[in-house]
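Content type CSV, C-alpha atoms, from the file final_39.csv:
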chain,number,residue,atom,x,y,z
A,11,MET,CA,-75.4,-140.5,38.9
A,12,GLY,CA,-77.1,-143.8,38.1
A,13,ARG,CA,-75.2,-144.2,34.9
A,14,HIS,CA,-71.9,-144.0,36.7
A,15,GLN,CA,-72.9,-146.6,39.4
A,16,ALA,CA,-70.5,-149.2,38.2
A,17,GLU,CA,-67.6,-146.8,38.4
A,18,ILE,CA,-68.7,-145.5,41.8
A,19,GLU,CA,-68.8,-149.0,43.2
A,20,ALA,CA,-65.5,-149.9,41.6
A,21,ALA,CA,-64.0,-146.9,43.4
A,22,GLY,CA,-65.2,-148.4,46.7
A,23,LEU,CA,-67.7,-145.6,47.4
A,24,ARG,CA,-71.1,-146.2,48.9
A,25,VAL,CA,-73.8,-143.7,47.8
A,26,VAL,CA,-75.9,-142.2,50.6
A,27,ALA,CA,-78.7,-139.8,49.6
A,28,VAL,CA,-79.8,-137.3,52.2
A,29,GLY,CA,-83.4,-136.1,51.7
A,30,ILE,CA,-85.7,-133.7,53.4
A,31,GLY,CA,-88.8,-135.5,54.5
A,32,GLU,CA,-90.0,-138.5,56.5
A,33,PRO,CA,-89.0,-142.1,56.1
A,34,LYS,CA,-92.2,-142.8,54.1
A,35,HIS,CA,-91.1,-140.1,51.6
A,36,ALA,CA,-87.7,-141.9,51.2
A,37,GLN,CA,-89.4,-145.2,50.7
A,38,HIS,CA,-91.6,-143.7,48.0
A,39,PHE,CA,-89.2,-141.5,46.1
A,40,CYS,CA,-85.7,-143.1,46.5
A,41,PRO,CA,-86.4,-146.1,44.1
A,42,THR,CA,-86.7,-143.5,41.3
A,43,LEU,CA,-84.6,-140.6,42.6
A,44,ALA,CA,-81.6,-142.5,43.9
A,45,PRO,CA,-82.1,-146.2,43.1
A,46,HIS,CA,-78.6,-147.3,44.0
A,47,ALA,CA,-78.3,-145.3,47.1
A,48,THR,CA,-79.0,-145.8,50.8
A,49,CYS,CA,-81.6,-143.1,51.5
A,50,ILE,CA,-81.7,-141.3,54.8
A,51,SER,CA,-83.7,-138.2,55.8
A,52,LEU,CA,-84.9,-135.7,58.3
A,53,PRO,CA,-88.1,-133.7,58.1
A,54,GLU,CA,-86.2,-130.4,58.3
A,55,PRO,CA,-83.1,-129.4,56.3
A,56,LEU,CA,-80.9,-129.6,59.4
A,57,ALA,CA,-78.3,-131.8,57.9
A,58,HIS,CA,-78.2,-129.6,54.8
A,59,HIS,CA,-77.5,-126.7,57.1
A,60,ALA,CA,-74.9,-128.5,59.0
A,61,TYR,CA,-73.0,-129.2,55.8
A,62,GLY,CA,-73.2,-125.5,54.8
A,63,LEU,CA,-75.6,-126.0,51.9
A,64,ARG,CA,-77.2,-122.9,50.5
A,65,VAL,CA,-80.7,-121.7,50.4
A,66,ALA,CA,-81.6,-120.2,47.0
A,67,SER,CA,-82.9,-116.8,46.1
A,68,LEU,CA,-85.6,-116.7,43.4
A,69,SER,CA,-82.9,-116.0,40.7
A,70,ASN,CA,-81.0,-119.2,41.8
A,71,LEU,CA,-84.2,-121.2,41.3
A,72,VAL,CA,-85.5,-119.9,38.0
A,73,ASN,CA,-83.1,-118.8,35.4
A,74,VAL,CA,-81.9,-120.0,32.0
A,75,GLN,CA,-79.5,-122.5,33.5
A,76,THR,CA,-82.0,-124.0,35.9
A,77,LEU,CA,-84.5,-124.4,33.1
A,78,LYS,CA,-81.8,-126.3,31.1
A,79,HIS,CA,-81.2,-128.5,34.2
A,80,GLY,CA,-85.0,-129.1,34.5
A,81,TRP,CA,-85.2,-130.0,30.8
A,82,ARG,CA,-82.3,-132.4,31.1
A,83,ALA,CA,-83.9,-134.1,34.1
A,84,MET,CA,-87.2,-134.5,32.3
A,85,ARG,CA,-85.4,-136.1,29.3
A,86,GLU,CA,-83.8,-138.5,31.7
A,87,GLY,CA,-87.2,-139.4,33.0
A,88,HIS,CA,-87.4,-137.4,36.2
A,89,MET,CA,-90.7,-135.6,36.5
A,90,GLN,CA,-91.0,-133.4,39.6
A,91,THR,CA,-94.2,-133.8,41.5
A,92,ARG,CA,-95.2,-132.3,44.8
A,93,ALA,CA,-92.0,-131.8,46.8
A,94,THR,CA,-91.3,-132.2,50.5
A,95,GLY,CA,-89.3,-129.7,52.5
A,96,ASP,CA,-88.3,-126.2,51.5
A,97,GLU,CA,-88.2,-125.7,47.7
A,98,ARG,CA,-85.5,-123.0,48.2
A,99,GLN,CA,-83.0,-125.5,49.7
A,100,LEU,CA,-80.2,-126.4,47.4
A,101,GLY,CA,-78.2,-129.6,47.4
A,102,GLY,CA,-74.6,-130.7,47.3
A,103,THR,CA,-72.3,-133.6,47.1
A,104,PHE,CA,-69.5,-134.7,49.4
A,105,VAL,CA,-67.1,-137.6,49.6
A,106,VAL,CA,-66.2,-138.5,53.2
A,107,SER,CA,-63.4,-140.8,54.0
A,108,ARG,CA,-63.5,-143.7,56.4
A,109,SER,CA,-62.1,-141.4,59.1
A,110,GLY,CA,-64.7,-138.7,58.5
A,111,ILE,CA,-62.6,-136.2,56.5
A,112,VAL,CA,-64.1,-134.4,53.5
A,113,GLU,CA,-62.3,-135.6,50.4
A,114,PHE,CA,-64.5,-133.7,47.9
A,115,ALA,CA,-67.0,-131.0,48.3
A,116,GLN,CA,-69.5,-129.6,45.8
A,117,VAL,CA,-72.1,-127.0,47.0
A,118,SER,CA,-74.9,-126.2,44.6
A,119,ALA,CA,-75.2,-122.6,43.6
A,120,ILE,CA,-78.4,-123.0,41.6
A,121,ALA,CA,-81.1,-125.6,41.4
A,122,GLY,CA,-80.1,-128.7,39.4
A,123,ASP,CA,-76.4,-127.9,39.8
A,124,HIS,CA,-75.0,-131.5,40.3
A,125,ALA,CA,-71.5,-132.7,40.9
A,126,ASP,CA,-69.7,-134.1,37.9
A,127,ILE,CA,-69.2,-137.8,38.8
A,128,PRO,CA,-65.9,-138.3,36.9
A,129,THR,CA,-64.5,-135.3,38.8
A,130,VAL,CA,-65.8,-136.7,42.1
A,131,LEU,CA,-64.1,-140.1,41.3
A,132,ALA,CA,-60.8,-138.5,40.3
A,133,ALA,CA,-60.8,-136.5,43.5
A,134,HIS,CA,-61.4,-139.7,45.5
A,135,ARG,CA,-58.6,-141.5,43.7
A,136,ALA,CA,-56.2,-138.7,44.3
A,137,TRP,CA,-57.2,-138.5,48.0
A,138,GLU,CA,-56.6,-142.3,48.4
A,139,ALA,CA,-53.2,-142.1,46.6
A,140,HIS,CA,-52.1,-139.4,49.0
A,141,ASN,CA,-53.6,-140.7,52.2
A,142,LEU,CA,-53.3,-144.5,52.2
B,23,MET,CA,-65.8,-136.9,65.5
B,24,THR,CA,-68.0,-133.8,65.5
B,25,GLU,CA,-71.0,-134.4,67.8
B,26,LEU,CA,-74.6,-133.9,66.6
B,27,LYS,CA,-74.8,-130.3,65.8
B,28,TYR,CA,-77.7,-128.9,63.8
B,29,THR,CA,-76.5,-125.4,63.2
B,30,SER,CA,-75.8,-123.6,59.9
B,31,ALA,CA,-72.2,-124.0,58.9
B,32,ASP,CA,-69.9,-122.5,56.3
B,33,SER,CA,-69.7,-124.9,53.4
B,34,LEU,CA,-67.4,-127.7,54.2
B,35,ARG,CA,-64.0,-127.7,52.5
B,36,VAL,CA,-61.8,-130.5,51.5
B,37,GLY,CA,-59.9,-131.6,54.6
B,38,SER,CA,-62.6,-130.6,57.0
B,39,VAL,CA,-64.1,-133.0,59.5
B,40,ALA,CA,-67.5,-133.9,58.3
B,41,PRO,CA,-70.3,-133.5,60.9
B,42,SER,CA,-71.7,-136.8,62.1
B,43,LEU,CA,-75.5,-136.5,62.3
B,44,THR,CA,-78.2,-138.9,63.2
B,45,LEU,CA,-80.9,-139.1,60.5
B,46,LEU,CA,-83.5,-141.7,59.8
B,47,ASP,CA,-83.3,-144.5,57.3
B,48,ALA,CA,-86.2,-145.4,55.1
B,49,ALA,CA,-87.6,-147.8,57.7
B,50,GLY,CA,-87.5,-145.0,60.4
B,51,ALA,CA,-84.5,-146.4,62.2
B,52,PRO,CA,-81.6,-144.0,63.3
B,53,ALA,CA,-78.8,-143.8,60.8
B,54,VAL,CA,-75.6,-142.2,62.1
B,55,LEU,CA,-73.3,-140.8,59.4
B,56,SER,CA,-70.1,-141.6,61.2
B,57,GLU,CA,-71.2,-145.3,61.5
B,58,LEU,CA,-71.9,-145.3,57.7
B,59,TRP,CA,-68.5,-143.9,56.7
B,60,ALA,CA,-66.6,-146.0,59.3
B,61,ALA,CA,-67.6,-149.0,57.0
B,62,GLY,CA,-66.1,-147.3,54.0
B,63,PRO,CA,-65.9,-144.0,52.2
B,64,LEU,CA,-69.2,-142.4,51.3
B,65,LEU,CA,-70.5,-140.4,48.4
B,66,LEU,CA,-72.9,-138.3,50.3
B,67,THR,CA,-75.4,-136.5,48.0
B,68,PHE,CA,-77.8,-134.0,49.5
B,69,LEU,CA,-81.1,-133.9,47.6
B,70,ARG,CA,-83.0,-130.7,47.3
B,71,HIS,CA,-86.2,-132.4,48.2
B,72,PHE,CA,-88.2,-135.6,47.7
B,73,GLY,CA,-90.7,-135.3,44.9

Entire entry expressed as structure tokens:
Amino acid sequence: MGRHQAEIEAAGLRVVAVGIGEPKHAQHFCPTLAPHATCISLPEPLAHHAYGLRVASLSNLVNVQTLKHGWRAMREGHMQTRATGDERQLGGTFVVSRSGIVEFAQVSAIAGDHADIPTVLAAHRAWEAHNL
Amino acid sequence: MTELKYTSADSLRVGSVAPSLTLLDAAGAPAVLSELWAAGPLLLTFLRHFG
């Protein structure tokens, strides 16, 4: 996401990263995991559940695709260390409008399944064109 | 706005009302999602974990 930061800002979006852990974990990890984001967290994945994000089965965590995702992350300099929270919890990405309506939703089906940022931005532009 | 509700939900769809939850910022202060998006649209990314 970091390499698209200028486009994200140009689109008027503020990035908020929701983690599972305590504020001290956000302080420690966010400068590398999400350097341009506002990081917020809870010790339990309650927000993840409220947004309908999935909990993975073993096959969603370890398969050819997730290994490719892990390799890609390592090449980009992300080395996973001891993790907080439930390792089975998957992530997701949403764009939420100023009035609290979901403009874009991506729910990860497997580990490392991230939203395509150009697609996110296109959805946001389309939403704004129809709703402003 | 949806009140604080920590229950499992079906995945949110485009056009749904996003749940407004109160989380903690990196300094430990409450961070209310609806207050964040009221200031401008959010790209809300849910990390799998810290680490």

Practice problem: Find the spatial neighbours of Leu58 (chain B), counting all atoms listed in the file, within a cut-off of 12 Å - ignore same-chain residues fewer than 4 positions away - and output them as number ranges by chain. | Solution: A: 23-27, 48-50, 106-110; B: 42-45, 47, 52-54, 62-66

Only C-alpha atoms, please: the residues just picked out, written as a tab-separated table (two decimals), in the coordinates of the input.
chain	number	residue	atom	x	y	z
A	23	LEU	CA	-67.70	-145.60	47.40
A	24	ARG	CA	-71.10	-146.20	48.90
A	25	VAL	CA	-73.80	-143.70	47.80
A	26	VAL	CA	-75.90	-142.20	50.60
A	27	ALA	CA	-78.70	-139.80	49.60
A	48	THR	CA	-79.00	-145.80	50.80
A	49	CYS	CA	-81.60	-143.10	51.50
A	50	ILE	CA	-81.70	-141.30	54.80
A	106	VAL	CA	-66.20	-138.50	53.20
A	107	SER	CA	-63.40	-140.80	54.00
A	108	ARG	CA	-63.50	-143.70	56.40
A	109	SER	CA	-62.10	-141.40	59.10
A	110	GLY	CA	-64.70	-138.70	58.50
B	42	SER	CA	-71.70	-136.80	62.10
B	43	LEU	CA	-75.50	-136.50	62.30
B	44	THR	CA	-78.20	-138.90	63.20
B	45	LEU	CA	-80.90	-139.10	60.50
B	47	ASP	CA	-83.30	-144.50	57.30
B	52	PRO	CA	-81.60	-144.00	63.30
B	53	ALA	CA	-78.80	-143.80	60.80
B	54	VAL	CA	-75.60	-142.20	62.10
B	62	GLY	CA	-66.10	-147.30	54.00
B	63	PRO	CA	-65.90	-144.00	52.20
B	64	LEU	CA	-69.20	-142.40	51.30
B	65	LEU	CA	-70.50	-140.40	48.40
B	66	LEU	CA	-72.90	-138.30	50.30

Quiz prompt | Within 7 Å of chain A: residues of chain B, using only C-alpha atoms, as a PyMOL selection string | solution = chain B and resi 28-40+45-50+56+59-73

Write a file of the just-selected residues containing C-alpha atoms, as a short mmCIF file (atom, residue, chain, number, x, y, z; two decimals), keeping the file's coordinate frame.
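Done, and the output landed in out26.cif:
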data_model
loop_
_atom_site.label_atom_id
_atom_site.label_comp_id
_atom_site.auth_asym_id
_atom_site.auth_seq_id
_atom_site.Cartn_x
_atom_site.Cartn_y
_atom_site.Cartn_z
CA TYR B 28 -77.70 -128.90 63.80
CA THR B 29 -76.50 -125.40 63.20
CA SER B 30 -75.80 -123.60 59.90
CA ALA B 31 -72.20 -124.00 58.90
CA ASP B 32 -69.90 -122.50 56.30
CA SER B 33 -69.70 -124.90 53.40
CA LEU B 34 -67.40 -127.70 54.20
CA ARG B 35 -64.00 -127.70 52.50
CA VAL B 36 -61.80 -130.50 51.50
CA GLY B 37 -59.90 -131.60 54.60
CA SER B 38 -62.60 -130.60 57.00
CA VAL B 39 -64.10 -133.00 59.50
CA ALA B 40 -67.50 -133.90 58.30
CA LEU B 45 -80.90 -139.10 60.50
CA LEU B 46 -83.50 -141.70 59.80
CA ASP B 47 -83.30 -144.50 57.30
CA ALA B 48 -86.20 -145.40 55.10
CA ALA B 49 -87.60 -147.80 57.70
CA GLY B 50 -87.50 -145.00 60.40
CA SER B 56 -70.10 -141.60 61.20
CA TRP B 59 -68.50 -143.90 56.70
CA ALA B 60 -66.60 -146.00 59.30
CA ALA B 61 -67.60 -149.00 57.00
CA GLY B 62 -66.10 -147.30 54.00
CA PRO B 63 -65.90 -144.00 52.20
CA LEU B 64 -69.20 -142.40 51.30
CA LEU B 65 -70.50 -140.40 48.40
CA LEU B 66 -72.90 -138.30 50.30
CA THR B 67 -75.40 -136.50 48.00
CA PHE B 68 -77.80 -134.00 49.50
CA LEU B 69 -81.10 -133.90 47.60
CA ARG B 70 -83.00 -130.70 47.30
CA HIS B 71 -86.20 -132.40 48.20
CA PHE B 72 -88.20 -135.60 47.70
CA GLY B 73 -90.70 -135.30 44.90
#

Practice problem: Rank A:His14, A:His140, A:Glu19, A:Lys78 by their smallest atom-to-atom distance to Ile120 (chain A), using all atoms listed in the file, and report the top residue only. | Solution: A:Lys78

Quiz item: What is the distance between CA of Ala132 (chain A) and CA of Glu86 (chain A), in Å to one decimal?
Solution: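 That distance, rounded to one decimal, is 24.6 Å.
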
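We find CA of Glu138 (chain A) and CA of Pro41 (chain B) to be spaced 20.5 Å apart.
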
Quiz item: Hey, can you check how far CA of Gln75 (chain A) sits from CA of Asp123 (chain A)?
Solution: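 Distance reported for this atom pair: 8.9 Å.
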
Missing atoms of region 30-51 of chain A rebuilt to N, CA and C atoms, written as a PDB file, keeping the file's coordinate frame:
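Output file selection_31.pdb is given in full below:
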ATOM      1  N   ILE A  30     -84.939-134.486  52.450  1.00  0.00           N
ATOM      2  CA  ILE A  30     -85.700-133.700  53.400  1.00  0.00           C
ATOM      3  C   ILE A  30     -87.117-134.289  53.400  1.00  0.00           C
ATOM      4  N   GLY A  31     -87.492-134.917  54.489  1.00  0.00           N
ATOM      5  CA  GLY A  31     -88.800-135.500  54.500  1.00  0.00           C
ATOM      6  C   GLY A  31     -88.811-136.652  55.553  1.00  0.00           C
ATOM      7  N   GLU A  32     -89.887-137.370  55.562  1.00  0.00           N
ATOM      8  CA  GLU A  32     -90.000-138.500  56.500  1.00  0.00           C
ATOM      9  C   GLU A  32     -89.624-139.776  55.840  1.00  0.00           C
ATOM     10  N   PRO A  33     -89.376-140.810  56.657  1.00  0.00           N
ATOM     11  CA  PRO A  33     -89.000-142.100  56.100  1.00  0.00           C
ATOM     12  C   PRO A  33     -89.951-142.585  54.986  1.00  0.00           C
ATOM     13  N   LYS A  34     -91.244-142.310  55.135  1.00  0.00           N
ATOM     14  CA  LYS A  34     -92.200-142.800  54.100  1.00  0.00           C
ATOM     15  C   LYS A  34     -91.925-142.068  52.775  1.00  0.00           C
ATOM     16  N   HIS A  35     -91.430-140.845  52.809  1.00  0.00           N
ATOM     17  CA  HIS A  35     -91.100-140.100  51.600  1.00  0.00           C
ATOM     18  C   HIS A  35     -89.854-140.796  50.926  1.00  0.00           C
ATOM     19  N   ALA A  36     -88.886-141.173  51.766  1.00  0.00           N
ATOM     20  CA  ALA A  36     -87.700-141.900  51.200  1.00  0.00           C
ATOM     21  C   ALA A  36     -88.101-143.179  50.592  1.00  0.00           C
ATOM     22  N   GLN A  37     -88.984-143.908  51.261  1.00  0.00           N
ATOM     23  CA  GLN A  37     -89.400-145.200  50.700  1.00  0.00           C
ATOM     24  C   GLN A  37     -90.101-144.998  49.346  1.00  0.00           C
ATOM     25  N   HIS A  38     -90.861-143.906  49.236  1.00  0.00           N
ATOM     26  CA  HIS A  38     -91.600-143.700  48.000  1.00  0.00           C
ATOM     27  C   HIS A  38     -90.762-143.172  46.872  1.00  0.00           C
ATOM     28  N   PHE A  39     -89.882-142.224  47.167  1.00  0.00           N
ATOM     29  CA  PHE A  39     -89.200-141.500  46.100  1.00  0.00           C
ATOM     30  C   PHE A  39     -87.790-142.110  45.757  1.00  0.00           C
ATOM     31  N   CYS A  40     -87.125-142.729  46.731  1.00  0.00           N
ATOM     32  CA  CYS A  40     -85.700-143.100  46.500  1.00  0.00           C
ATOM     33  C   CYS A  40     -85.593-144.198  45.377  1.00  0.00           C
ATOM     34  N   PRO A  41     -86.530-145.116  45.232  1.00  0.00           N
ATOM     35  CA  PRO A  41     -86.400-146.100  44.100  1.00  0.00           C
ATOM     36  C   PRO A  41     -86.227-145.409  42.765  1.00  0.00           C
ATOM     37  N   THR A  42     -86.821-144.214  42.591  1.00  0.00           N
ATOM     38  CA  THR A  42     -86.700-143.500  41.300  1.00  0.00           C
ATOM     39  C   THR A  42     -85.619-142.425  41.368  1.00  0.00           C
ATOM     40  N   LEU A  43     -85.554-141.676  42.478  1.00  0.00           N
ATOM     41  CA  LEU A  43     -84.600-140.600  42.600  1.00  0.00           C
ATOM     42  C   LEU A  43     -83.166-141.041  42.730  1.00  0.00           C
ATOM     43  N   ALA A  44     -82.972-142.078  43.527  1.00  0.00           N
ATOM     44  CA  ALA A  44     -81.600-142.500  43.900  1.00  0.00           C
ATOM     45  C   ALA A  44     -81.635-144.048  44.027  1.00  0.00           C
ATOM     46  N   PRO A  45     -81.852-144.791  42.936  1.00  0.00           N
ATOM     47  CA  PRO A  45     -82.100-146.200  43.100  1.00  0.00           C
ATOM     48  C   PRO A  45     -80.946-147.055  43.610  1.00  0.00           C
ATOM     49  N   HIS A  46     -79.726-146.560  43.506  1.00  0.00           N
ATOM     50  CA  HIS A  46     -78.600-147.300  44.000  1.00  0.00           C
ATOM     51  C   HIS A  46     -78.088-146.849  45.341  1.00  0.00           C
ATOM     52  N   ALA A  47     -78.807-145.904  45.918  1.00  0.00           N
ATOM     53  CA  ALA A  47     -78.300-145.300  47.100  1.00  0.00           C
ATOM     54  C   ALA A  47     -79.025-145.773  48.377  1.00  0.00           C
ATOM     55  N   THR A  48     -78.343-145.631  49.490  1.00  0.00           N
ATOM     56  CA  THR A  48     -79.000-145.800  50.800  1.00  0.00           C
ATOM     57  C   THR A  48     -79.620-144.403  51.064  1.00  0.00           C
ATOM     58  N   CYS A  49     -80.924-144.368  51.292  1.00  0.00           N
ATOM     59  CA  CYS A  49     -81.600-143.100  51.500  1.00  0.00           C
ATOM     60  C   CYS A  49     -81.855-142.862  52.981  1.00  0.00           C
ATOM     61  N   ILE A  50     -81.477-141.680  53.429  1.00  0.00           N
ATOM     62  CA  ILE A  50     -81.700-141.300  54.800  1.00  0.00           C
ATOM     63  C   ILE A  50     -82.325-139.879  54.761  1.00  0.00           C
ATOM     64  N   SER A  51     -83.012-139.497  55.831  1.00  0.00           N
ATOM     65  CA  SER A  51     -83.700-138.200  55.800  1.00  0.00           C
ATOM     66  C   SER A  51     -83.976-137.645  57.154  1.00  0.00           C
TER      67      SER A  51
END
